[in-house]
>>> print(open('run04.txt').read())   # compact mmCIF, C-alpha atoms
# COMPACT_ATOMS: atom_id res chain seq x y z
CA MET A 1 -25.85 -9.75 18.92
CA SER A 2 -23.97 -6.71 17.66
CA PRO A 3 -20.87 -5.62 19.59
CA ALA A 4 -20.77 -2.33 21.46
CA PRO A 5 -20.34 0.59 19.01
CA LYS A 6 -16.69 1.40 18.38
CA GLN A 7 -14.82 2.93 15.49
CA ALA A 8 -11.22 3.24 14.34
CA VAL A 9 -9.56 4.47 11.14
CA LEU A 10 -6.33 3.10 9.69
CA LEU A 11 -4.80 5.10 6.85
CA VAL A 12 -1.91 3.73 4.79
CA ILE A 13 -0.11 6.37 2.73
CA ASP A 14 1.42 3.95 0.23
CA GLY A 15 5.19 3.90 -0.20
CA MET A 16 6.00 6.47 2.53
CA GLY A 17 9.22 5.23 4.11
CA ILE A 18 11.24 7.07 6.74
CA GLY A 19 14.71 5.56 6.61
CA GLU A 20 16.51 2.42 5.50
CA ALA A 21 15.77 -0.67 7.56
CA PRO A 22 18.66 -2.52 9.25
CA ASP A 23 18.46 -5.21 6.55
CA ALA A 24 18.13 -2.77 3.63
CA HIS A 25 21.42 -4.07 2.21
CA GLU A 26 19.78 -7.45 1.62
CA TYR A 27 17.38 -5.69 -0.76
CA ARG A 28 20.00 -3.38 -2.35
CA ASP A 29 18.26 -0.42 -0.73
CA GLU A 30 21.13 1.15 1.17
CA GLY A 31 20.60 4.89 1.43
CA SER A 32 16.87 4.80 0.76
CA ASN A 33 14.91 7.25 2.88
CA THR A 34 11.73 8.30 1.12
CA LEU A 35 10.70 11.29 3.24
CA GLN A 36 14.12 12.68 4.12
CA ASN A 37 15.60 12.27 0.64
CA LEU A 38 12.50 13.67 -1.03
CA ALA A 39 12.54 16.70 1.27
CA ALA A 40 16.23 17.32 0.58
CA GLN A 41 15.74 16.96 -3.16
CA MET A 42 12.78 19.35 -3.23
CA GLY A 43 14.14 21.97 -0.83
CA GLY A 44 11.73 20.94 1.91
CA LEU A 45 8.18 19.62 2.28
CA ASP A 46 5.22 21.78 3.31
CA LEU A 47 3.41 19.44 5.72
CA PRO A 48 2.25 21.62 8.63
CA ASN A 49 -0.57 19.31 9.72
CA LEU A 50 1.45 16.10 9.66
CA GLY A 51 4.10 18.16 11.44
CA ARG A 52 1.68 19.14 14.20
CA LEU A 53 0.78 15.48 14.61
CA GLY A 54 4.45 14.62 15.14
CA LEU A 55 5.90 13.53 11.79
CA GLY A 56 8.91 15.81 12.24
CA ASN A 57 9.53 14.31 15.68
CA ILE A 58 10.22 10.89 14.14
CA ALA A 59 13.06 12.03 11.89
CA ASP A 60 14.73 15.21 10.67
CA ILE A 61 12.68 16.10 7.57
CA GLN A 62 13.52 19.39 5.88
CA GLY A 63 10.54 21.75 6.13
CA VAL A 64 8.79 19.65 8.80
CA PRO A 65 10.08 20.83 12.19
CA ALA A 66 9.51 18.79 15.32
CA ALA A 67 6.38 19.82 17.20
CA GLU A 68 6.85 21.06 20.77
CA ARG A 69 3.62 19.34 21.82
CA PRO A 70 2.67 16.78 19.15
CA LEU A 71 -1.05 16.16 18.78
CA ALA A 72 -0.42 12.46 18.07
CA SER A 73 1.80 9.79 19.50
CA TYR A 74 4.59 9.14 17.03
CA GLY A 75 7.25 6.60 16.12
CA ARG A 76 8.37 4.26 13.40
CA LEU A 77 7.66 0.64 12.59
CA ARG A 78 10.19 -2.00 11.59
CA GLU A 79 9.06 -4.77 9.23
CA VAL A 80 9.90 -8.33 10.28
CA SER A 81 8.43 -9.94 7.17
CA LYS A 82 10.61 -11.04 4.29
CA GLY A 83 9.76 -8.71 1.41
CA LYS A 84 8.96 -5.09 0.67
CA ASP A 85 5.73 -5.27 -1.31
CA SER A 86 2.24 -4.00 -0.56
CA THR A 87 0.75 -7.39 0.27
CA THR A 88 3.51 -8.22 2.75
CA GLY A 89 3.34 -4.79 4.39
CA HIS A 90 -0.44 -4.71 4.72
CA TRP A 91 -0.61 -8.28 6.02
CA GLU A 92 1.94 -7.56 8.74
CA LEU A 93 0.15 -4.35 9.73
CA LEU A 94 -2.94 -6.49 10.40
CA GLY A 95 -1.06 -9.16 12.33
CA LEU A 96 0.26 -11.59 9.71
CA PRO A 97 4.03 -11.42 9.13
CA VAL A 98 5.33 -13.21 6.04
CA HIS A 99 8.37 -15.26 7.07
CA GLN A 100 8.72 -17.18 3.80
CA PRO A 101 9.22 -14.60 1.02
CA PHE A 102 7.02 -14.71 -2.03
CA PRO A 103 8.89 -15.74 -5.21
CA THR A 104 10.44 -13.03 -7.37
CA TYR A 105 11.72 -13.20 -10.94
CA PRO A 106 14.65 -10.87 -11.63
CA GLY A 107 15.25 -12.67 -14.94
CA GLY A 108 11.62 -12.83 -16.00
CA PHE A 109 9.28 -15.78 -15.64
CA PRO A 110 10.58 -19.22 -16.66
CA PRO A 111 9.48 -20.77 -19.99
CA ASP A 112 7.19 -23.32 -18.36
CA VAL A 113 5.24 -20.57 -16.56
CA ILE A 114 4.95 -18.34 -19.62
CA GLY A 115 4.19 -21.30 -21.89
CA ALA A 116 1.36 -22.50 -19.66
CA PHE A 117 -0.10 -19.00 -19.54
CA GLU A 118 0.13 -18.51 -23.32
CA GLN A 119 -1.54 -21.86 -23.93
CA ALA A 120 -4.33 -21.10 -21.47
CA ILE A 121 -5.17 -17.70 -23.00
CA GLY A 122 -4.51 -18.58 -26.64
CA ARG A 123 -2.06 -15.71 -27.17
CA GLN A 124 1.66 -15.18 -27.01
CA VAL A 125 2.96 -12.48 -24.66
CA LEU A 126 5.43 -9.62 -24.94
CA ALA A 127 8.29 -8.47 -22.70
CA ASN A 128 8.47 -11.00 -19.82
CA LYS A 129 11.04 -9.05 -17.83
CA PRO A 130 11.33 -6.76 -14.79
CA ALA A 131 10.39 -3.24 -15.81
CA SER A 132 8.83 0.03 -14.78
CA GLY A 133 5.14 -0.13 -15.62
CA THR A 134 5.10 3.06 -17.65
CA ALA A 135 8.41 2.31 -19.42
CA VAL A 136 7.35 -1.19 -20.46
CA ILE A 137 4.12 0.18 -21.95
CA ASP A 138 6.03 2.81 -23.89
CA GLU A 139 8.47 0.17 -25.14
CA TYR A 140 6.04 -2.59 -26.09
CA GLY A 141 2.78 -0.67 -26.56
CA PRO A 142 3.12 -0.23 -30.35
CA GLU A 143 3.82 -3.94 -30.85
CA HIS A 144 0.93 -4.79 -28.55
CA LEU A 145 -1.40 -2.64 -30.65
CA ALA A 146 -0.22 -4.41 -33.80
CA THR A 147 -0.31 -7.99 -32.52
CA GLY A 148 -2.88 -8.07 -29.69
CA GLN A 149 -0.31 -9.81 -27.46
CA PRO A 150 -0.52 -8.76 -23.79
CA ILE A 151 2.53 -7.24 -22.10
CA VAL A 152 3.72 -9.37 -19.16
CA TYR A 153 6.27 -7.96 -16.76
CA THR A 154 7.38 -8.07 -13.13
CA SER A 155 9.47 -5.99 -10.72
CA ALA A 156 11.60 -6.50 -7.63
CA ASP A 157 8.32 -7.47 -5.94
CA SER A 158 6.47 -10.75 -6.25
CA VAL A 159 4.10 -9.67 -9.02
CA PHE A 160 2.93 -10.97 -12.41
CA GLN A 161 1.63 -7.88 -14.19
CA ILE A 162 -0.40 -7.92 -17.40
CA ALA A 163 -0.73 -4.66 -19.32
CA ALA A 164 -3.17 -4.25 -22.20
CA HIS A 165 -4.71 -1.39 -24.16
CA THR A 166 -8.45 -1.35 -23.58
CA ASP A 167 -9.12 -1.05 -27.33
CA VAL A 168 -7.13 -4.25 -27.94
CA ILE A 169 -8.04 -6.35 -24.89
CA PRO A 170 -11.21 -5.02 -23.22
CA LEU A 171 -11.34 -4.85 -19.44
CA ASP A 172 -13.48 -7.96 -19.02
CA GLU A 173 -11.03 -10.00 -21.10
CA LEU A 174 -8.02 -8.57 -19.29
CA TYR A 175 -9.59 -9.47 -15.98
CA ARG A 176 -10.40 -12.97 -17.29
CA ILE A 177 -6.83 -13.71 -18.37
CA SER A 178 -5.52 -12.23 -15.11
CA GLN A 179 -7.67 -14.68 -13.18
CA ILE A 180 -6.25 -17.47 -15.37
CA ALA A 181 -2.75 -16.33 -14.39
CA ARG A 182 -3.73 -16.29 -10.72
CA ASP A 183 -5.07 -19.83 -10.98
CA LEU A 184 -1.85 -21.00 -12.66
CA LEU A 185 0.57 -19.26 -10.32
CA GLN A 186 0.40 -21.56 -7.33
CA GLY A 187 2.88 -23.69 -5.40
CA GLU A 188 6.48 -22.67 -6.05
CA HIS A 189 5.27 -19.90 -8.38
CA ALA A 190 2.65 -18.48 -6.00
CA VAL A 191 3.41 -14.79 -6.53
CA SER A 192 1.78 -12.47 -4.04
CA ARG A 193 -0.19 -10.63 -6.72
CA VAL A 194 -1.30 -10.84 -10.33
CA ILE A 195 -2.10 -7.29 -11.43
CA ALA A 196 -4.24 -6.33 -14.44
CA ARG A 197 -2.84 -3.05 -15.82
CA PRO A 198 -5.15 -1.49 -18.42
CA PHE A 199 -3.98 1.53 -20.38
CA VAL A 200 -5.27 3.89 -23.05
CA GLY A 201 -3.85 6.41 -25.52
CA HIS A 202 -1.49 6.14 -28.45
CA PRO A 203 2.27 5.61 -28.93
CA GLY A 204 4.16 8.35 -27.15
CA ALA A 205 1.11 9.19 -25.01
CA PHE A 206 0.01 5.98 -23.32
CA LYS A 207 -1.66 6.38 -19.92
CA ARG A 208 -2.55 3.75 -17.34
CA THR A 209 -6.10 3.89 -15.98
CA TYR A 210 -7.50 3.41 -12.49
CA ASP A 211 -9.23 0.20 -13.63
CA ARG A 212 -6.28 -1.87 -12.43
CA LYS A 213 -7.28 -4.97 -10.53
CA ASP A 214 -5.14 -7.04 -8.17
CA TYR A 215 -5.49 -10.78 -7.72
CA SER A 216 -3.75 -11.52 -4.43
CA LEU A 217 -3.16 -14.74 -2.63
CA PRO A 218 -5.60 -15.00 0.28
CA PRO A 219 -3.97 -14.45 3.69
CA LEU A 220 -2.29 -17.64 4.88
CA ASN A 221 -3.75 -17.29 8.40
CA PRO A 222 -6.45 -15.15 10.05
CA THR A 223 -5.73 -11.45 10.47
CA LEU A 224 -7.29 -8.83 12.72
CA LEU A 225 -9.77 -8.20 9.91
CA ASP A 226 -11.11 -11.75 10.27
CA ARG A 227 -11.35 -11.38 14.04
CA LEU A 228 -13.28 -8.13 13.73
CA VAL A 229 -15.80 -9.64 11.30
CA GLU A 230 -16.20 -12.79 13.41
CA THR A 231 -16.99 -10.56 16.39
CA GLY A 232 -19.67 -8.70 14.46
CA TYR A 233 -17.78 -5.53 13.57
CA GLU A 234 -17.70 -4.02 10.10
CA VAL A 235 -14.48 -3.65 8.10
CA ILE A 236 -14.88 -0.89 5.53
CA SER A 237 -12.11 -0.78 2.92
CA VAL A 238 -11.22 2.28 0.85
CA GLY A 239 -8.83 2.02 -2.08
CA LYS A 240 -7.00 -1.20 -2.99
CA VAL A 241 -7.14 -2.77 0.49
CA ASP A 242 -9.62 -5.52 -0.40
CA TYR A 243 -7.42 -6.66 -3.28
CA LEU A 244 -4.45 -7.16 -0.94
CA PHE A 245 -6.48 -9.43 1.34
CA SER A 246 -8.32 -11.16 -1.52
CA GLY A 247 -11.53 -9.80 0.02
CA GLN A 248 -11.00 -11.81 3.22
CA GLY A 249 -12.16 -10.03 6.36
CA ILE A 250 -13.77 -7.14 4.44
CA THR A 251 -17.48 -6.36 4.77
CA GLU A 252 -17.69 -3.36 2.44
CA VAL A 253 -15.52 -2.31 -0.51
CA ASN A 254 -15.01 1.24 -1.79
CA HIS A 255 -12.65 1.42 -4.77
CA THR A 256 -11.25 4.82 -5.67
CA GLU A 257 -9.55 6.62 -8.54
CA GLY A 258 -6.49 8.14 -6.96
CA ASN A 259 -5.87 10.13 -3.82
CA ALA A 260 -8.30 12.99 -4.36
CA ASP A 261 -11.15 10.54 -4.83
CA GLY A 262 -9.87 8.43 -1.94
CA MET A 263 -9.87 11.35 0.49
CA ARG A 264 -13.37 12.31 -0.62
CA VAL A 265 -14.62 8.75 -0.08
CA ILE A 266 -12.94 8.44 3.33
CA ALA A 267 -14.66 11.57 4.62
CA GLN A 268 -18.00 10.76 3.01
CA ARG A 269 -18.06 7.15 4.20
CA PHE A 270 -17.03 8.06 7.74
CA ALA A 271 -19.87 10.57 7.88
CA GLY A 272 -22.26 7.78 6.86
CA GLY A 273 -21.58 5.85 10.05
CA PHE A 274 -20.35 2.31 10.76
CA ASN A 275 -19.39 0.08 13.65
CA GLY A 276 -15.85 -1.18 13.27
CA LEU A 277 -12.70 -0.37 11.32
CA MET A 278 -12.28 1.83 8.26
CA PHE A 279 -9.09 0.65 6.52
CA CYS A 280 -7.86 3.03 3.80
CA ASN A 281 -5.05 3.18 1.26
CA LEU A 282 -3.97 6.29 -0.63
CA ILE A 283 -2.02 4.94 -3.60
CA ASP A 284 -0.71 7.82 -5.69
CA THR A 285 2.46 8.41 -3.64
CA ASP A 286 3.50 4.89 -4.65
CA GLN A 287 1.86 3.99 -7.94
CA THR A 288 1.83 7.35 -9.70
CA TYR A 289 4.93 9.07 -8.34
CA GLY A 290 7.25 6.74 -6.42
CA HIS A 291 7.53 4.15 -9.16
CA ARG A 292 8.20 6.89 -11.71
CA ASN A 293 10.82 8.69 -9.60
CA ASP A 294 8.62 11.77 -9.85
CA CYS A 295 9.78 13.90 -6.92
CA PRO A 296 7.60 16.96 -7.63
CA GLY A 297 4.55 14.73 -8.02
CA TYR A 298 5.30 12.85 -4.80
CA LYS A 299 5.77 16.12 -2.91
CA ALA A 300 2.49 17.53 -4.27
CA ALA A 301 0.63 14.34 -3.33
CA LEU A 302 1.89 14.48 0.26
CA GLU A 303 1.01 18.14 0.55
CA ALA A 304 -2.51 17.48 -0.75
CA ILE A 305 -2.98 14.80 1.92
CA ASP A 306 -1.66 17.22 4.53
CA ALA A 307 -4.09 19.94 3.43
CA TRP A 308 -7.01 17.49 3.70
CA LEU A 309 -6.10 16.16 7.14
CA PRO A 310 -7.56 18.92 9.35
CA LEU A 311 -10.88 18.66 7.51
CA PHE A 312 -11.05 14.96 8.35
CA LEU A 313 -9.76 15.37 11.90
CA ASP A 314 -12.61 17.78 12.56
CA GLN A 315 -15.03 14.91 11.79
CA LEU A 316 -13.47 12.52 14.30
CA PRO A 317 -14.94 12.10 17.78
CA GLY A 318 -12.28 12.14 20.49
CA ASP A 319 -12.61 8.43 21.20
CA VAL A 320 -11.90 7.24 17.63
CA PRO A 321 -8.26 6.17 17.11
CA PHE A 322 -6.86 7.40 13.79
CA LEU A 323 -3.62 5.63 12.81
CA ILE A 324 -1.50 6.92 9.91
CA THR A 325 1.28 4.70 8.58
CA SER A 326 2.64 3.06 5.43
CA ASP A 327 3.40 -0.37 3.99
CA HIS A 328 6.99 0.08 2.66
CA GLY A 329 9.17 2.79 1.17
CA ASN A 330 9.38 4.01 -2.42
CA ASP A 331 12.20 6.52 -2.56
CA PRO A 332 11.77 8.57 -5.75
CA THR A 333 15.28 10.03 -5.48
CA THR A 334 17.16 6.74 -6.05
CA PRO A 335 17.84 5.15 -9.46
CA SER A 336 15.53 2.25 -8.61
CA THR A 337 11.85 2.48 -9.57
CA ASP A 338 10.94 -0.30 -7.11
CA HIS A 339 9.84 -0.28 -3.48
CA SER A 340 12.51 0.27 -0.84
CA ARG A 341 13.10 -1.62 2.40
CA GLU A 342 12.51 1.05 5.04
CA TYR A 343 11.03 1.85 8.38
CA VAL A 344 7.61 3.47 8.08
CA PRO A 345 6.15 6.22 10.29
CA ILE A 346 3.33 5.61 12.72
CA LEU A 347 1.12 8.42 14.04
CA GLY A 348 -1.68 7.69 16.48
CA TYR A 349 -4.23 10.48 16.94
CA SER A 350 -7.13 10.50 19.40
CA PRO A 351 -7.50 12.90 22.32
CA GLU A 352 -8.84 10.05 24.42
CA HIS A 353 -6.36 7.30 23.51
CA PHE A 354 -3.04 8.95 22.54
CA HIS A 355 -1.13 11.64 24.39
CA GLY A 356 1.73 12.82 22.21
CA ALA A 357 4.11 10.10 23.38
CA ASP A 358 7.32 9.07 21.63
CA LEU A 359 6.57 5.47 20.63
CA GLY A 360 10.15 4.87 19.54
CA THR A 361 11.02 2.16 17.05
CA ARG A 362 8.42 -0.57 17.18
CA ARG A 363 9.54 -4.18 16.80
CA THR A 364 7.01 -5.01 14.07
CA PHE A 365 4.35 -3.50 11.82
CA ALA A 366 1.97 -5.81 13.72
CA ASP A 367 1.97 -3.41 16.68
CA VAL A 368 -0.76 -1.70 14.64
CA ALA A 369 -2.90 -4.85 14.78
CA ALA A 370 -2.27 -5.20 18.52
CA THR A 371 -3.27 -1.57 19.13
CA LEU A 372 -6.49 -1.88 17.14
CA ALA A 373 -7.31 -5.21 18.81
CA ASP A 374 -6.78 -3.54 22.19
CA HIS A 375 -9.22 -0.77 21.22
CA PHE A 376 -11.91 -3.23 20.09
CA GLY A 377 -11.46 -5.45 23.14
CA LEU A 378 -10.10 -8.41 21.17
CA PRO A 379 -7.19 -10.68 22.07
CA THR A 380 -3.93 -9.34 20.65
CA ASP A 381 -2.54 -12.90 20.26
CA ASP A 382 1.16 -12.66 19.46
CA TRP A 383 0.66 -9.94 16.84
CA GLY A 384 2.73 -7.32 18.59
CA THR A 385 2.55 -4.79 21.41
CA SER A 386 -0.29 -2.31 21.75
CA PHE A 387 0.55 1.37 22.14
CA LEU A 388 -3.04 2.40 22.94
CA GLY A 389 -3.08 4.84 25.84
CA HIS A 390 0.40 6.24 25.14
>>> encode(input="run04.txt", output="structure tokens")
Amino acid sequence: MSPAPKQAVLLVIDGMGIGEAPDAHEYRDEGSNTLQNLAAQMGGLDLPNLGRLGLGNIADIQGVPAAERPLASYGRLREVSKGKDSTTGHWELLGLPVHQPFPTYPGGFPPDVIGAFEQAIGRQVLANKPASGTAVIDEYGPEHLATGQPIVYTSADSVFQIAAHTDVIPLDELYRISQIARDLLQGEHAVSRVIARPFVGHPGAFKRTYDRKDYSLPPLNPTLLDRLVETGYEVISVGKVDYLFSGQGITEVNHTEGNADGMRVIAQRFAGGFNGLMFCNLIDTDQTYGHRNDCPGYKAALEAIDAWLPLFLDQLPGDVPFLITSDHGNDPTTPSTDHSREYVPILGYSPEHFHGADLGTRRTFADVAATLADHFGLPTDDWGTSFLGH
């Protein structure tokens, strides 16, 4: 028997932090504040629609004044998980904090790990160090073209990334060797994600493509997504969401090529109808701009999302909760090209369910899971505290 028709939309604007977390010093992220620092660097942000929802009521963001009567309830979320990566952030948002951090490799992967991978794929690898994804391709791309050896690198996050030019290692082969890496990286070396990073172009003009593919660990315990599916609801993913949950608790996948395509798919798929949760990720703020310390690009990406918002809000019935948040920070104004340990904003919009309340600082990202569970009439377990009805 199908459950009573209900819908909700969760939108993660990737890498959109709103101030250093109390434990930011443990991650060397003191001073990180993605939105405030970006606004100061760029002379202000033009985000009138996010402003009307209440973004400027959460923190003092140049160009985004506080709304006198916010259309959404507003606040910020504190992460209790150990880590600052996309998998950790998304899992906690859906009710699964990560208390044991995934392994990271600030000195590159140890010889036994790299040796096992090289033996399994029949090729030696290049780099094996923490690096910016675009910088490592620029540095090792010419040698990769000459030798056919894939470029392996990591970051401050728990990731094993494999970059390859599609003319040298075709997509199917890159995906195959990425799956081999995922199968090898278990136990003490169980990184949160193996990421296939295809690129094209020529030396001096390499460009990563949107054919990236993430091989995540499956969630260690059930999340709200699993509960929704078990109850008979649909979980529609847009963007990279299914990768982060290894497909678990997802009934329909919609991959996208950047934010413009993502916003188009969100609106189109919502118009098509469903019964359950639409869970969306807009990635460019993080992948394309945050990691490259590209402040003008980050600003433009946020402003494009802001311009799209009223078009989507016009589609939403009054009883459909629309939650806007993020998974971590990625301050493009700091020397680091990695994620930053920050609070993230939370905006809850629905004329029926939210009333412009100040939600304050929430104890955990998992308050999002509790709120959605409350809406769908599911037990909130110990995920967090619902703010539905505020």
>>> atom_distance(input="run04.txt", atom1="CA of Ala40 (chain A)", atom2="CA of Ile61 (chain A)")
7.9 Å
>>> closest_residue(input="run04.txt", among="A:Asp211, A:Asp331, A:Asp382, A:Asp284", to="Asn37 (chain A)", atoms="all atoms listed in the file")
A:Asp331
>>> closest_residue(input="run04.txt", among="A:Glu92, A:Asp29, A:Glu20, A:Asp367", to="Asp327 (chain A)", atoms="only C-alpha atoms")
A:Glu92
>>> atom_distance(input="run04.txt", atom1="CA of Gln179 (chain A)", atom2="CA of Gly249 (chain A)")
20.6 Å
>>> residues_around(input="run04.txt", residues="Gln36 (chain A)", least_positions_apart="3", cutoff="12 Å", atoms="all atoms listed in the file", output="number ranges by chain")
A: 16-20, 31-33, 39-45, 55-56, 58-64, 295, 299, 329-333, 342, 344-345
>>> residues_around(input="run04.txt", residues="Leu316 (chain A)", least_positions_apart="3", cutoff="12 Å", atoms="all atoms listed in the file", output="ChimeraX atom specification")
/A:7-9,266-267,270-271,273,309-313,319-322,349-352
>>> write_last_selection(input="run04.txt", atoms="C-alpha atoms", output="tab-separated table (two decimals), in the frame of the given file")
chain	number	residue	atom	x	y	z
A	7	GLN	CA	-14.82	2.93	15.49
A	8	ALA	CA	-11.22	3.24	14.34
A	9	VAL	CA	-9.56	4.47	11.14
A	266	ILE	CA	-12.94	8.44	3.33
A	267	ALA	CA	-14.66	11.57	4.62
A	270	PHE	CA	-17.03	8.06	7.74
A	271	ALA	CA	-19.87	10.57	7.88
A	273	GLY	CA	-21.58	5.85	10.05
A	309	LEU	CA	-6.10	16.16	7.14
A	310	PRO	CA	-7.56	18.92	9.35
A	311	LEU	CA	-10.88	18.66	7.51
A	312	PHE	CA	-11.05	14.96	8.35
A	313	LEU	CA	-9.76	15.37	11.90
A	319	ASP	CA	-12.61	8.43	21.20
A	320	VAL	CA	-11.90	7.24	17.63
A	321	PRO	CA	-8.26	6.17	17.11
A	322	PHE	CA	-6.86	7.40	13.79
A	349	TYR	CA	-4.23	10.48	16.94
A	350	SER	CA	-7.13	10.50	19.40
A	351	PRO	CA	-7.50	12.90	22.32
A	352	GLU	CA	-8.84	10.05	24.42
>>> atom_distance(input="run04.txt", atom1="CA of Ala190 (chain A)", atom2="CA of Ser158 (chain A)")
8.6 Å
>>> closest_residue(input="run04.txt", among="A:Gly290, A:Pro198, A:Gly75, A:Pro111", to="Thr361 (chain A)", atoms="all atoms listed in the file")
A:Gly75
>>> residues_around(input="run04.txt", residues="region 135-139 of chain A", least_positions_apart="6", cutoff="7 Å", atoms="all atoms listed in the file", output="number ranges by chain")
A: 203-204, 206
>>> residues_near_point(input="run04.txt", point="(1.7, -9.4, -16.4)", cutoff="7 Å", atoms="all atoms listed in the file", output="PyMOL selection string")
chain A and resi 151-154+160-163+194-196
>>> residues_around(input="run04.txt", residues="Glu234 (chain A)", least_positions_apart="4", cutoff="10 Å", atoms="all atoms listed in the file", output="MDAnalysis selection string")
chainID A and resid 6:7 225 228:230 249:252 274:278
>>> residues_around(input="run04.txt", residues="Gln149 (chain A)", least_positions_apart="5", cutoff="6 Å", atoms="all atoms listed in the file", output="PDB file with C-alpha atoms, in the coordinates of the input")
ATOM      1  CA  GLN A 124       1.660 -15.180 -27.010  1.00  0.00           C
ATOM      2  CA  VAL A 125       2.960 -12.480 -24.660  1.00  0.00           C
ATOM      3  CA  HIS A 144       0.930  -4.790 -28.550  1.00  0.00           C
TER       4      HIS A 144
END
>>> closest_residue(input="run04.txt", among="A:Ser340, A:Leu282, A:Ile169, A:Gln268", to="Asp23 (chain A)", atoms="all atoms listed in the file")
A:Ser340
>>> decode(input="run04.txt", residues="region 228-245 of chain A", atoms="N, CA and C atoms", output="mmCIF file, in the first residue's frame")
data_model
loop_
_atom_site.group_PDB
_atom_site.id
_atom_site.type_symbol
_atom_site.label_atom_id
_atom_site.label_comp_id
_atom_site.auth_asym_id
_atom_site.auth_seq_id
_atom_site.Cartn_x
_atom_site.Cartn_y
_atom_site.Cartn_z
ATOM 1 N N LEU A 228 12.484 6.166 4.377
ATOM 2 C CA LEU A 228 11.495 6.629 3.407
ATOM 3 C C LEU A 228 11.163 5.536 2.400
ATOM 4 N N VAL A 229 12.193 4.900 1.863
ATOM 5 C CA VAL A 229 11.983 3.857 0.851
ATOM 6 C C VAL A 229 11.255 2.667 1.460
ATOM 7 N N GLU A 230 11.642 2.278 2.668
ATOM 8 C CA GLU A 230 10.973 1.147 3.340
ATOM 9 C C GLU A 230 9.487 1.434 3.541
ATOM 10 N N THR A 231 9.149 2.704 3.736
ATOM 11 C CA THR A 231 7.757 3.091 3.975
ATOM 12 C C THR A 231 6.963 3.199 2.683
ATOM 13 N N GLY A 232 7.645 3.194 1.563
ATOM 14 C CA GLY A 232 6.966 3.258 0.276
ATOM 15 C C GLY A 232 7.097 4.590 -0.430
ATOM 16 N N TYR A 233 7.851 5.519 0.153
ATOM 17 C CA TYR A 233 8.061 6.810 -0.496
ATOM 18 C C TYR A 233 9.184 6.715 -1.532
ATOM 19 N N GLU A 234 9.160 7.638 -2.470
ATOM 20 C CA GLU A 234 10.244 7.767 -3.431
ATOM 21 C C GLU A 234 11.325 8.687 -2.864
ATOM 22 N N VAL A 235 12.576 8.422 -3.267
ATOM 23 C CA VAL A 235 13.682 9.342 -2.997
ATOM 24 C C VAL A 235 14.338 9.641 -4.340
ATOM 25 N N ILE A 236 14.114 10.848 -4.818
ATOM 26 C CA ILE A 236 14.612 11.281 -6.124
ATOM 27 C C ILE A 236 15.901 12.072 -5.903
ATOM 28 N N SER A 237 17.013 11.607 -6.440
ATOM 29 C CA SER A 237 18.265 12.347 -6.275
ATOM 30 C C SER A 237 18.575 13.151 -7.531
ATOM 31 N N VAL A 238 19.145 14.336 -7.312
ATOM 32 C CA VAL A 238 19.584 15.206 -8.401
ATOM 33 C C VAL A 238 21.018 15.629 -8.099
ATOM 34 N N GLY A 239 21.905 15.412 -9.066
ATOM 35 C CA GLY A 239 23.312 15.731 -8.847
ATOM 36 C C GLY A 239 24.073 14.516 -8.361
ATOM 37 N N LYS A 240 25.040 14.728 -7.460
ATOM 38 C CA LYS A 240 25.937 13.652 -7.031
ATOM 39 C C LYS A 240 25.432 12.900 -5.801
ATOM 40 N N VAL A 241 24.213 13.166 -5.360
ATOM 41 C CA VAL A 241 23.716 12.617 -4.102
ATOM 42 C C VAL A 241 23.820 11.100 -4.055
ATOM 43 N N ASP A 242 23.422 10.416 -5.120
ATOM 44 C CA ASP A 242 23.424 8.946 -5.079
ATOM 45 C C ASP A 242 24.819 8.394 -4.874
ATOM 46 N N TYR A 243 25.835 9.073 -5.437
ATOM 47 C CA TYR A 243 27.212 8.627 -5.239
ATOM 48 C C TYR A 243 27.582 8.632 -3.761
ATOM 49 N N LEU A 244 27.165 9.679 -3.039
ATOM 50 C CA LEU A 244 27.564 9.841 -1.649
ATOM 51 C C LEU A 244 26.933 8.802 -0.738
ATOM 52 N N PHE A 245 25.821 8.221 -1.167
ATOM 53 C CA PHE A 245 25.153 7.176 -0.388
ATOM 54 C C PHE A 245 25.320 5.802 -1.035
#
